[in-house]
>>> print(open('entry.cif').read())   # mmCIF, N, CA and C atoms
data_final
#
loop_
_atom_site.label_atom_id
_atom_site.label_comp_id
_atom_site.auth_asym_id
_atom_site.auth_seq_id
_atom_site.Cartn_x
_atom_site.Cartn_y
_atom_site.Cartn_z
N MET A 309 -1.64 -7.37 -15.34
CA MET A 309 -1.90 -8.46 -14.45
C MET A 309 -2.01 -7.93 -13.03
N ARG A 310 -3.06 -8.33 -12.36
CA ARG A 310 -3.30 -7.87 -10.99
C ARG A 310 -3.43 -9.01 -9.99
N GLU A 311 -3.85 -10.18 -10.45
CA GLU A 311 -4.08 -11.33 -9.58
C GLU A 311 -3.44 -12.57 -10.18
N HIS A 312 -3.32 -13.63 -9.37
CA HIS A 312 -2.71 -14.87 -9.85
C HIS A 312 -3.49 -15.45 -11.03
N ALA A 313 -4.80 -15.31 -11.02
CA ALA A 313 -5.62 -15.82 -12.12
C ALA A 313 -5.22 -15.18 -13.45
N ASP A 314 -4.82 -13.91 -13.41
CA ASP A 314 -4.35 -13.22 -14.62
C ASP A 314 -3.07 -13.86 -15.14
N VAL A 315 -2.18 -14.23 -14.22
CA VAL A 315 -0.92 -14.87 -14.60
C VAL A 315 -1.21 -16.20 -15.29
N ALA A 316 -2.04 -17.02 -14.64
CA ALA A 316 -2.36 -18.35 -15.18
C ALA A 316 -3.03 -18.24 -16.54
N LYS A 317 -3.97 -17.31 -16.67
CA LYS A 317 -4.68 -17.13 -17.94
C LYS A 317 -3.72 -16.69 -19.04
N ASN A 318 -2.83 -15.77 -18.73
CA ASN A 318 -1.87 -15.28 -19.71
C ASN A 318 -0.94 -16.39 -20.18
N MET A 319 -0.46 -17.20 -19.26
CA MET A 319 0.43 -18.30 -19.63
C MET A 319 -0.30 -19.32 -20.51
N GLU A 320 -1.55 -19.58 -20.17
CA GLU A 320 -2.35 -20.53 -20.96
C GLU A 320 -2.59 -19.99 -22.37
N GLU A 321 -2.97 -18.74 -22.45
CA GLU A 321 -3.30 -18.14 -23.75
C GLU A 321 -2.08 -17.96 -24.65
N THR A 322 -0.93 -17.64 -24.06
CA THR A 322 0.25 -17.35 -24.88
C THR A 322 1.17 -18.54 -25.05
N GLY A 323 1.04 -19.53 -24.17
CA GLY A 323 1.96 -20.66 -24.22
C GLY A 323 3.35 -20.32 -23.70
N ALA A 324 3.47 -19.17 -23.06
CA ALA A 324 4.77 -18.73 -22.53
C ALA A 324 5.20 -19.62 -21.36
N ASP A 325 6.51 -19.70 -21.17
CA ASP A 325 7.05 -20.47 -20.06
C ASP A 325 7.09 -19.66 -18.77
N GLY A 326 6.95 -18.36 -18.88
CA GLY A 326 7.00 -17.51 -17.70
C GLY A 326 6.33 -16.17 -17.96
N ILE A 327 6.12 -15.44 -16.91
CA ILE A 327 5.47 -14.13 -16.98
C ILE A 327 6.32 -13.15 -16.19
N MET A 328 6.44 -11.94 -16.70
CA MET A 328 7.16 -10.89 -16.01
C MET A 328 6.14 -9.84 -15.56
N SER A 329 6.34 -9.29 -14.39
CA SER A 329 5.43 -8.28 -13.89
C SER A 329 6.22 -7.23 -13.14
N ALA A 330 5.81 -5.99 -13.26
CA ALA A 330 6.45 -4.92 -12.49
C ALA A 330 5.40 -4.27 -11.60
N GLU A 331 4.52 -3.51 -12.19
CA GLU A 331 3.51 -2.80 -11.43
C GLU A 331 2.58 -3.74 -10.68
N GLY A 332 2.12 -4.79 -11.33
CA GLY A 332 1.22 -5.73 -10.68
C GLY A 332 1.83 -6.36 -9.45
N LEU A 333 3.12 -6.65 -9.51
CA LEU A 333 3.83 -7.26 -8.39
C LEU A 333 3.98 -6.27 -7.23
N LEU A 334 4.15 -4.99 -7.54
CA LEU A 334 4.23 -3.98 -6.48
C LEU A 334 2.92 -3.88 -5.72
N ASP A 335 1.82 -3.95 -6.44
CA ASP A 335 0.51 -3.85 -5.80
C ASP A 335 0.10 -5.13 -5.09
N ASN A 336 0.53 -6.27 -5.63
CA ASN A 336 0.13 -7.56 -5.07
C ASN A 336 1.32 -8.51 -5.07
N PRO A 337 2.09 -8.53 -3.97
CA PRO A 337 3.27 -9.38 -3.92
C PRO A 337 2.94 -10.87 -4.03
N ALA A 338 1.70 -11.24 -3.91
CA ALA A 338 1.30 -12.66 -3.99
C ALA A 338 0.84 -13.03 -5.40
N ILE A 339 1.09 -12.18 -6.37
CA ILE A 339 0.56 -12.40 -7.71
C ILE A 339 1.01 -13.72 -8.34
N PHE A 340 2.20 -14.19 -8.00
CA PHE A 340 2.71 -15.42 -8.59
C PHE A 340 2.43 -16.65 -7.73
N SER A 341 1.78 -16.48 -6.60
CA SER A 341 1.57 -17.58 -5.68
C SER A 341 0.11 -18.00 -5.62
N PRO A 342 -0.21 -19.17 -6.15
CA PRO A 342 -1.60 -19.61 -6.06
C PRO A 342 -2.03 -19.92 -4.63
N THR A 343 -1.10 -20.26 -3.76
CA THR A 343 -1.46 -20.59 -2.37
C THR A 343 -1.73 -19.35 -1.53
N MET A 344 -1.23 -18.20 -1.94
CA MET A 344 -1.45 -16.96 -1.20
C MET A 344 -2.54 -16.12 -1.84
N HIS A 345 -3.20 -16.66 -2.83
CA HIS A 345 -4.18 -15.92 -3.61
C HIS A 345 -5.22 -15.23 -2.75
N GLY A 346 -5.67 -15.87 -1.69
CA GLY A 346 -6.73 -15.30 -0.88
C GLY A 346 -6.26 -14.36 0.21
N LYS A 347 -4.97 -14.15 0.31
CA LYS A 347 -4.45 -13.29 1.38
C LYS A 347 -4.89 -11.85 1.18
N ASP A 348 -5.30 -11.25 2.24
CA ASP A 348 -5.69 -9.86 2.26
C ASP A 348 -4.46 -8.98 2.06
N ARG A 349 -4.63 -7.85 1.38
CA ARG A 349 -3.49 -6.95 1.12
C ARG A 349 -2.89 -6.42 2.42
N LEU A 350 -3.72 -6.23 3.43
CA LEU A 350 -3.18 -5.75 4.69
C LEU A 350 -2.31 -6.83 5.35
N GLU A 351 -2.71 -8.09 5.22
CA GLU A 351 -1.87 -9.19 5.71
C GLU A 351 -0.53 -9.19 4.98
N LEU A 352 -0.58 -8.99 3.68
CA LEU A 352 0.66 -8.94 2.89
C LEU A 352 1.54 -7.77 3.32
N ALA A 353 0.91 -6.63 3.59
CA ALA A 353 1.68 -5.45 4.02
C ALA A 353 2.35 -5.73 5.37
N LEU A 354 1.63 -6.36 6.29
CA LEU A 354 2.22 -6.67 7.59
C LEU A 354 3.35 -7.68 7.45
N GLU A 355 3.17 -8.64 6.56
CA GLU A 355 4.24 -9.62 6.30
C GLU A 355 5.46 -8.92 5.71
N TYR A 356 5.23 -7.99 4.78
CA TYR A 356 6.33 -7.21 4.21
C TYR A 356 7.06 -6.43 5.30
N LEU A 357 6.30 -5.79 6.19
CA LEU A 357 6.91 -4.99 7.26
C LEU A 357 7.72 -5.86 8.22
N GLU A 358 7.26 -7.08 8.46
CA GLU A 358 8.03 -8.01 9.28
C GLU A 358 9.39 -8.30 8.62
N LEU A 359 9.36 -8.51 7.31
CA LEU A 359 10.61 -8.73 6.57
C LEU A 359 11.49 -7.49 6.58
N ALA A 360 10.87 -6.31 6.49
CA ALA A 360 11.64 -5.06 6.51
C ALA A 360 12.31 -4.84 7.86
N GLU A 361 11.70 -5.35 8.92
CA GLU A 361 12.33 -5.25 10.24
C GLU A 361 13.52 -6.21 10.34
N GLN A 362 13.40 -7.37 9.73
CA GLN A 362 14.48 -8.37 9.77
C GLN A 362 15.62 -7.99 8.83
N HIS A 363 15.28 -7.36 7.71
CA HIS A 363 16.25 -7.00 6.68
C HIS A 363 16.09 -5.52 6.37
N PRO A 364 16.70 -4.65 7.18
CA PRO A 364 16.48 -3.21 7.05
C PRO A 364 16.68 -2.67 5.64
N ALA A 365 15.79 -1.78 5.28
CA ALA A 365 15.83 -1.09 3.99
C ALA A 365 15.61 0.39 4.26
N PRO A 366 15.97 1.26 3.33
CA PRO A 366 15.70 2.69 3.51
C PRO A 366 14.20 2.93 3.74
N MET A 367 13.87 3.85 4.64
CA MET A 367 12.47 4.12 4.96
C MET A 367 11.66 4.52 3.73
N ARG A 368 12.28 5.24 2.80
CA ARG A 368 11.52 5.64 1.60
C ARG A 368 11.06 4.39 0.84
N CYS A 369 11.87 3.34 0.85
CA CYS A 369 11.49 2.08 0.18
C CYS A 369 10.39 1.37 0.95
N VAL A 370 10.52 1.34 2.27
CA VAL A 370 9.50 0.70 3.12
C VAL A 370 8.15 1.38 2.92
N ILE A 371 8.17 2.70 2.93
CA ILE A 371 6.92 3.45 2.76
C ILE A 371 6.37 3.24 1.35
N PHE A 372 7.23 3.30 0.34
CA PHE A 372 6.78 3.11 -1.04
C PHE A 372 6.09 1.76 -1.21
N HIS A 373 6.73 0.70 -0.74
CA HIS A 373 6.15 -0.64 -0.93
C HIS A 373 4.88 -0.83 -0.10
N THR A 374 4.87 -0.31 1.11
CA THR A 374 3.66 -0.43 1.93
C THR A 374 2.51 0.34 1.30
N ARG A 375 2.81 1.54 0.79
CA ARG A 375 1.77 2.33 0.10
C ARG A 375 1.18 1.55 -1.06
N ARG A 376 2.02 0.89 -1.83
CA ARG A 376 1.53 0.16 -3.00
C ARG A 376 0.69 -1.04 -2.59
N ILE A 377 1.16 -1.79 -1.61
CA ILE A 377 0.46 -3.00 -1.19
C ILE A 377 -0.88 -2.67 -0.54
N ALA A 378 -0.89 -1.67 0.33
CA ALA A 378 -2.08 -1.36 1.14
C ALA A 378 -2.81 -0.11 0.68
N LYS A 379 -2.60 0.31 -0.56
CA LYS A 379 -3.14 1.57 -1.05
C LYS A 379 -4.64 1.72 -0.84
N GLN A 380 -5.40 0.71 -1.19
CA GLN A 380 -6.87 0.83 -1.09
C GLN A 380 -7.30 1.12 0.34
N ALA A 381 -6.74 0.39 1.30
CA ALA A 381 -7.11 0.60 2.69
C ALA A 381 -6.60 1.93 3.22
N LEU A 382 -5.37 2.28 2.88
CA LEU A 382 -4.81 3.55 3.34
C LEU A 382 -5.64 4.73 2.85
N MET A 383 -6.11 4.65 1.61
CA MET A 383 -6.95 5.71 1.06
C MET A 383 -8.34 5.69 1.71
N ALA A 384 -8.92 4.51 1.81
CA ALA A 384 -10.28 4.39 2.36
C ALA A 384 -10.35 4.88 3.80
N TYR A 385 -9.30 4.62 4.57
CA TYR A 385 -9.30 5.00 5.98
C TYR A 385 -8.52 6.29 6.25
N GLN A 386 -8.21 7.02 5.21
CA GLN A 386 -7.56 8.32 5.30
C GLN A 386 -6.25 8.26 6.09
N LEU A 387 -5.46 7.25 5.83
CA LEU A 387 -4.21 7.07 6.56
C LEU A 387 -2.97 7.14 5.66
N MET A 388 -3.15 7.50 4.41
CA MET A 388 -2.02 7.57 3.50
C MET A 388 -0.99 8.60 3.98
N GLN A 389 -1.44 9.75 4.42
CA GLN A 389 -0.53 10.80 4.86
C GLN A 389 0.28 10.33 6.08
N GLU A 390 -0.38 9.64 7.01
CA GLU A 390 0.33 9.13 8.18
C GLU A 390 1.37 8.09 7.78
N CYS A 391 1.02 7.25 6.82
CA CYS A 391 1.97 6.25 6.33
C CYS A 391 3.19 6.94 5.73
N CYS A 392 2.97 7.93 4.91
CA CYS A 392 4.06 8.63 4.23
C CYS A 392 4.92 9.44 5.20
N ALA A 393 4.35 9.86 6.32
CA ALA A 393 5.09 10.66 7.30
C ALA A 393 5.86 9.80 8.31
N ALA A 394 5.65 8.50 8.29
CA ALA A 394 6.31 7.62 9.26
C ALA A 394 7.82 7.68 9.11
N THR A 395 8.50 7.54 10.24
CA THR A 395 9.96 7.59 10.21
C THR A 395 10.60 6.26 10.62
N THR A 396 9.77 5.30 11.05
CA THR A 396 10.28 3.98 11.42
C THR A 396 9.34 2.91 10.87
N VAL A 397 9.86 1.71 10.76
CA VAL A 397 9.04 0.58 10.32
C VAL A 397 7.90 0.35 11.33
N ALA A 398 8.20 0.53 12.61
CA ALA A 398 7.17 0.35 13.65
C ALA A 398 6.02 1.33 13.46
N GLU A 399 6.31 2.56 13.06
CA GLU A 399 5.25 3.55 12.81
C GLU A 399 4.40 3.13 11.61
N VAL A 400 5.04 2.66 10.56
CA VAL A 400 4.29 2.20 9.38
C VAL A 400 3.41 1.02 9.78
N ARG A 401 3.97 0.09 10.56
CA ARG A 401 3.20 -1.05 11.04
C ARG A 401 1.97 -0.58 11.81
N GLY A 402 2.14 0.42 12.66
CA GLY A 402 1.02 0.96 13.43
C GLY A 402 -0.09 1.49 12.54
N VAL A 403 0.29 2.15 11.46
CA VAL A 403 -0.71 2.67 10.51
C VAL A 403 -1.46 1.52 9.85
N VAL A 404 -0.73 0.50 9.41
CA VAL A 404 -1.38 -0.65 8.76
C VAL A 404 -2.27 -1.39 9.76
N GLU A 405 -1.82 -1.50 11.00
CA GLU A 405 -2.63 -2.15 12.03
C GLU A 405 -3.92 -1.37 12.30
N ARG A 406 -3.87 -0.04 12.19
CA ARG A 406 -5.10 0.76 12.31
C ARG A 406 -6.06 0.43 11.18
N CYS A 407 -5.53 0.23 9.97
CA CYS A 407 -6.37 -0.18 8.84
C CYS A 407 -7.04 -1.52 9.14
N VAL A 408 -6.26 -2.45 9.66
CA VAL A 408 -6.79 -3.78 10.01
C VAL A 408 -7.92 -3.63 11.03
N LYS A 409 -7.71 -2.79 12.03
CA LYS A 409 -8.72 -2.57 13.06
C LYS A 409 -9.99 -1.96 12.47
N TYR A 410 -9.82 -0.94 11.64
CA TYR A 410 -10.99 -0.33 11.01
C TYR A 410 -11.75 -1.35 10.16
N GLN A 411 -11.00 -2.17 9.44
CA GLN A 411 -11.62 -3.18 8.58
C GLN A 411 -12.40 -4.20 9.42
N ALA A 412 -11.82 -4.61 10.53
CA ALA A 412 -12.45 -5.62 11.37
C ALA A 412 -13.64 -5.08 12.16
N ASP A 413 -13.47 -3.88 12.73
CA ASP A 413 -14.49 -3.31 13.61
C ASP A 413 -15.55 -2.51 12.88
N GLY A 414 -15.20 -1.98 11.71
CA GLY A 414 -16.14 -1.14 10.98
C GLY A 414 -16.42 0.17 11.68
N ASP A 415 -15.48 0.64 12.52
CA ASP A 415 -15.73 1.86 13.29
C ASP A 415 -15.05 3.10 12.74
N PHE A 416 -14.61 3.06 11.49
CA PHE A 416 -13.98 4.22 10.87
C PHE A 416 -15.02 5.29 10.58
N VAL A 417 -14.66 6.55 10.85
CA VAL A 417 -15.53 7.68 10.57
C VAL A 417 -14.79 8.60 9.59
N TYR A 418 -15.37 8.79 8.41
CA TYR A 418 -14.77 9.64 7.38
C TYR A 418 -14.69 11.07 7.87
N ASP A 419 -13.57 11.72 7.63
CA ASP A 419 -13.34 13.09 8.07
C ASP A 419 -13.15 13.99 6.86
N GLY A 420 -14.20 14.70 6.48
CA GLY A 420 -14.16 15.59 5.33
C GLY A 420 -13.15 16.72 5.50
N LEU A 421 -12.98 17.22 6.73
CA LEU A 421 -12.01 18.29 6.97
C LEU A 421 -10.58 17.80 6.76
N LYS A 422 -10.33 16.54 7.07
CA LYS A 422 -9.00 15.99 6.85
C LYS A 422 -8.66 15.98 5.36
N VAL A 423 -9.63 15.69 4.54
CA VAL A 423 -9.42 15.68 3.09
C VAL A 423 -9.02 17.07 2.61
N ILE A 424 -9.73 18.08 3.07
CA ILE A 424 -9.43 19.46 2.68
C ILE A 424 -8.04 19.85 3.16
N SER A 425 -7.71 19.50 4.39
CA SER A 425 -6.38 19.79 4.94
C SER A 425 -5.29 19.12 4.11
N GLN A 426 -5.52 17.88 3.73
CA GLN A 426 -4.53 17.15 2.93
C GLN A 426 -4.36 17.79 1.56
N GLN A 427 -5.45 18.29 0.98
CA GLN A 427 -5.37 18.93 -0.33
C GLN A 427 -4.56 20.23 -0.24
N PHE A 428 -4.76 21.00 0.83
CA PHE A 428 -3.98 22.23 1.01
C PHE A 428 -2.50 21.91 1.21
N THR A 429 -2.22 20.87 1.98
CA THR A 429 -0.82 20.45 2.19
C THR A 429 -0.18 20.07 0.87
N LEU A 430 -0.90 19.34 0.05
CA LEU A 430 -0.38 18.94 -1.25
C LEU A 430 -0.10 20.16 -2.13
N LEU A 431 -1.02 21.11 -2.15
CA LEU A 431 -0.81 22.34 -2.94
C LEU A 431 0.41 23.11 -2.44
N GLU A 432 0.59 23.19 -1.12
CA GLU A 432 1.76 23.87 -0.56
C GLU A 432 3.05 23.18 -0.99
N GLN A 433 3.04 21.85 -0.98
CA GLN A 433 4.23 21.11 -1.39
C GLN A 433 4.54 21.34 -2.86
N ILE A 434 3.51 21.40 -3.69
CA ILE A 434 3.71 21.64 -5.12
C ILE A 434 4.28 23.04 -5.33
N GLU A 435 3.74 24.03 -4.62
CA GLU A 435 4.25 25.40 -4.74
C GLU A 435 5.70 25.49 -4.28
N GLU A 436 6.05 24.80 -3.18
CA GLU A 436 7.42 24.83 -2.67
C GLU A 436 8.41 24.26 -3.70
N ARG A 437 7.96 23.32 -4.48
CA ARG A 437 8.83 22.71 -5.50
C ARG A 437 8.89 23.55 -6.77
N GLY A 438 8.11 24.62 -6.80
CA GLY A 438 8.14 25.50 -7.95
C GLY A 438 7.31 25.01 -9.13
N ALA A 439 6.42 24.07 -8.90
CA ALA A 439 5.62 23.53 -9.98
C ALA A 439 4.41 24.38 -10.30
N VAL A 440 4.08 25.31 -9.40
CA VAL A 440 2.92 26.18 -9.62
C VAL A 440 3.40 27.62 -9.55
N GLY A 441 2.81 28.46 -10.37
CA GLY A 441 3.02 29.82 -10.15
C GLY A 441 3.77 30.65 -11.03
#
>>> encode(input="entry.cif", output="structure tokens")
Amino acid sequence: MREHADVAKNMEETGADGIMSAEGLLDNPAIFSPTMHGKDRLELALEYLELAEQHPAPMRCVIFHTRRIAKQALMAYQLMQECCAATTVAEVRGVVERCVKYQADGDFVYDGLKVISQQFTLLEQIEERGAVG
């Protein structure tokens, strides 16, 4: 299940009184809400970050949930690494707001060198953990 329509269809087809979701809910926190169905994932991420500021959580959790909610935009705008490197909720918010700006203005420029750099960083991290070699 990825969208509210999936939830409604499943309940209709199975006759179940309720639906449980794990992965789908991480990617789309509005999955059970028909009124929030049209909300953009970046809006949901910003709403989540507002809640994280009001109710502090470990940064690893904030980053994990933001990554899941805004994954498509973070990947499309090459901001996943910046999101993962953030040390405060405000920094994560800034990354998501950059996604919103790129989406609204259409002024994002793909950086092929950044992709190569990120791949080398990933390989170095894998080697440091002893997974290669």
>>> select_by_dssp(input="entry.cif", residues="chain A", states="helix (DSSP H, G or I)", output="VMD selection string")
chain A and resid 312 to 322 331 to 335 342 to 344 349 to 362 367 to 377 379 to 384 388 to 393 397 to 413 420 to 436
>>> resolve_selection(input="entry.cif", expression="the PyMOL selection byres ((chain A and resi 383-391) around 8)", output="PDB file with N, CA and C atoms, keeping the file's coordinate frame")
ATOM      1  N   VAL A 370      10.520   1.340   2.270  1.00  0.00           N
ATOM      2  CA  VAL A 370       9.500   0.700   3.120  1.00  0.00           C
ATOM      3  C   VAL A 370       8.150   1.380   2.920  1.00  0.00           C
ATOM      4  N   ILE A 371       8.170   2.700   2.930  1.00  0.00           N
ATOM      5  CA  ILE A 371       6.920   3.450   2.760  1.00  0.00           C
ATOM      6  C   ILE A 371       6.370   3.240   1.350  1.00  0.00           C
ATOM      7  N   PHE A 372       7.230   3.300   0.340  1.00  0.00           N
ATOM      8  CA  PHE A 372       6.780   3.110  -1.040  1.00  0.00           C
ATOM      9  C   PHE A 372       6.090   1.760  -1.210  1.00  0.00           C
ATOM     10  N   THR A 374       4.870  -0.310   1.110  1.00  0.00           N
ATOM     11  CA  THR A 374       3.660  -0.430   1.930  1.00  0.00           C
ATOM     12  C   THR A 374       2.510   0.340   1.300  1.00  0.00           C
ATOM     13  N   ARG A 375       2.810   1.540   0.790  1.00  0.00           N
ATOM     14  CA  ARG A 375       1.770   2.330   0.100  1.00  0.00           C
ATOM     15  C   ARG A 375       1.180   1.550  -1.060  1.00  0.00           C
ATOM     16  N   ALA A 378      -0.890  -1.670   0.330  1.00  0.00           N
ATOM     17  CA  ALA A 378      -2.080  -1.360   1.140  1.00  0.00           C
ATOM     18  C   ALA A 378      -2.810  -0.110   0.680  1.00  0.00           C
ATOM     19  N   LYS A 379      -2.600   0.310  -0.560  1.00  0.00           N
ATOM     20  CA  LYS A 379      -3.140   1.570  -1.050  1.00  0.00           C
ATOM     21  C   LYS A 379      -4.640   1.720  -0.840  1.00  0.00           C
ATOM     22  N   GLN A 380      -5.400   0.710  -1.190  1.00  0.00           N
ATOM     23  CA  GLN A 380      -6.870   0.830  -1.090  1.00  0.00           C
ATOM     24  C   GLN A 380      -7.300   1.120   0.340  1.00  0.00           C
ATOM     25  N   ALA A 381      -6.740   0.390   1.300  1.00  0.00           N
ATOM     26  CA  ALA A 381      -7.110   0.600   2.690  1.00  0.00           C
ATOM     27  C   ALA A 381      -6.600   1.930   3.220  1.00  0.00           C
ATOM     28  N   LEU A 382      -5.370   2.280   2.880  1.00  0.00           N
ATOM     29  CA  LEU A 382      -4.810   3.550   3.340  1.00  0.00           C
ATOM     30  C   LEU A 382      -5.640   4.730   2.850  1.00  0.00           C
ATOM     31  N   CYS A 392       2.970   7.930   4.910  1.00  0.00           N
ATOM     32  CA  CYS A 392       4.060   8.630   4.230  1.00  0.00           C
ATOM     33  C   CYS A 392       4.920   9.440   5.200  1.00  0.00           C
ATOM     34  N   ALA A 393       4.350   9.860   6.320  1.00  0.00           N
ATOM     35  CA  ALA A 393       5.090  10.660   7.300  1.00  0.00           C
ATOM     36  C   ALA A 393       5.860   9.800   8.310  1.00  0.00           C
ATOM     37  N   ALA A 394       5.650   8.500   8.290  1.00  0.00           N
ATOM     38  CA  ALA A 394       6.310   7.620   9.260  1.00  0.00           C
ATOM     39  C   ALA A 394       7.820   7.680   9.110  1.00  0.00           C
ATOM     40  N   THR A 395       8.500   7.540  10.240  1.00  0.00           N
ATOM     41  CA  THR A 395       9.960   7.590  10.210  1.00  0.00           C
ATOM     42  C   THR A 395      10.600   6.260  10.620  1.00  0.00           C
ATOM     43  N   GLU A 399       6.310   2.560  13.060  1.00  0.00           N
ATOM     44  CA  GLU A 399       5.250   3.550  12.810  1.00  0.00           C
ATOM     45  C   GLU A 399       4.400   3.130  11.610  1.00  0.00           C
ATOM     46  N   VAL A 400       5.040   2.660  10.560  1.00  0.00           N
ATOM     47  CA  VAL A 400       4.290   2.200   9.380  1.00  0.00           C
ATOM     48  C   VAL A 400       3.410   1.020   9.780  1.00  0.00           C
ATOM     49  N   ARG A 401       3.970   0.090  10.560  1.00  0.00           N
ATOM     50  CA  ARG A 401       3.200  -1.050  11.040  1.00  0.00           C
ATOM     51  C   ARG A 401       1.970  -0.580  11.810  1.00  0.00           C
ATOM     52  N   VAL A 403       0.290   2.150  11.460  1.00  0.00           N
ATOM     53  CA  VAL A 403      -0.710   2.670  10.510  1.00  0.00           C
ATOM     54  C   VAL A 403      -1.460   1.520   9.850  1.00  0.00           C
ATOM     55  N   VAL A 404      -0.730   0.500   9.410  1.00  0.00           N
ATOM     56  CA  VAL A 404      -1.380  -0.650   8.760  1.00  0.00           C
ATOM     57  C   VAL A 404      -2.270  -1.390   9.760  1.00  0.00           C
ATOM     58  N   ARG A 406      -3.870  -0.040  12.190  1.00  0.00           N
ATOM     59  CA  ARG A 406      -5.100   0.760  12.310  1.00  0.00           C
ATOM     60  C   ARG A 406      -6.060   0.430  11.180  1.00  0.00           C
ATOM     61  N   CYS A 407      -5.530   0.230   9.970  1.00  0.00           N
ATOM     62  CA  CYS A 407      -6.370  -0.180   8.840  1.00  0.00           C
ATOM     63  C   CYS A 407      -7.040  -1.520   9.140  1.00  0.00           C
ATOM     64  N   TYR A 410      -9.820  -0.940  11.640  1.00  0.00           N
ATOM     65  CA  TYR A 410     -10.990  -0.330  11.010  1.00  0.00           C
ATOM     66  C   TYR A 410     -11.750  -1.350  10.160  1.00  0.00           C
ATOM     67  N   PHE A 416     -14.610   3.060  11.490  1.00  0.00           N
ATOM     68  CA  PHE A 416     -13.980   4.220  10.870  1.00  0.00           C
ATOM     69  C   PHE A 416     -15.020   5.290  10.580  1.00  0.00           C
ATOM     70  N   VAL A 417     -14.660   6.550  10.850  1.00  0.00           N
ATOM     71  CA  VAL A 417     -15.530   7.680  10.570  1.00  0.00           C
ATOM     72  C   VAL A 417     -14.790   8.600   9.590  1.00  0.00           C
ATOM     73  N   TYR A 418     -15.370   8.790   8.410  1.00  0.00           N
ATOM     74  CA  TYR A 418     -14.770   9.640   7.380  1.00  0.00           C
ATOM     75  C   TYR A 418     -14.690  11.070   7.870  1.00  0.00           C
ATOM     76  N   ASP A 419     -13.570  11.720   7.630  1.00  0.00           N
ATOM     77  CA  ASP A 419     -13.340  13.090   8.070  1.00  0.00           C
ATOM     78  C   ASP A 419     -13.150  13.990   6.860  1.00  0.00           C
ATOM     79  N   LYS A 422     -10.330  16.540   7.070  1.00  0.00           N
ATOM     80  CA  LYS A 422      -9.000  15.990   6.850  1.00  0.00           C
ATOM     81  C   LYS A 422      -8.660  15.980   5.360  1.00  0.00           C
ATOM     82  N   VAL A 423      -9.630  15.690   4.540  1.00  0.00           N
ATOM     83  CA  VAL A 423      -9.420  15.680   3.090  1.00  0.00           C
ATOM     84  C   VAL A 423      -9.020  17.070   2.610  1.00  0.00           C
ATOM     85  N   GLN A 426      -5.520  17.880   3.730  1.00  0.00           N
ATOM     86  CA  GLN A 426      -4.530  17.150   2.930  1.00  0.00           C
ATOM     87  C   GLN A 426      -4.360  17.790   1.560  1.00  0.00           C
TER      88      GLN A 426
END
>>> atom_distance(input="entry.cif", atom1="CA of Asn336 in chain A", atom2="CA of Ile377 in chain A")
6.0 Å
>>> atom_distance(input="entry.cif", atom1="atom C of Ala353 in chain A", atom2="atom N of Gln427 in chain A")
25.6 Å
>>> atom_distance(input="entry.cif", atom1="atom C of Glu331 in chain A", atom2="atom N of Asp314 in chain A")
12.9 Å
>>> closest_residue(input="entry.cif", among="A:Ala330, A:Ala398, A:Leu431, A:Met319", to="Glu361 in chain A", atoms="all atoms listed in the file")
A:Ala398
>>> closest_residue(input="entry.cif", among="A:Ala360, A:Met367, A:Ile434, A:Leu350", to="Val408 in chain A", atoms="only C-alpha atoms")
A:Leu350
>>> closest_residue(input="entry.cif", among="A:Pro337, A:Asp413, A:Ala313, A:Glu436", to="Leu354 in chain A", atoms="only C-alpha atoms")
A:Pro337
>>> closest_residue(input="entry.cif", among="A:Gln411, A:Ala316, A:Arg368, A:Arg376", to="Leu333 in chain A", atoms="all atoms listed in the file")
A:Arg376
>>> axis_aligned_box(input="entry.cif", around="range 311-327 of chain A", padding_each_side="5 Å", output="lines of an AutoDock Vina configuration file")
center_x = 0.7
center_y = -15.4
center_z = -17.2
size_x = 22.7
size_y = 20.5
size_z = 25.7
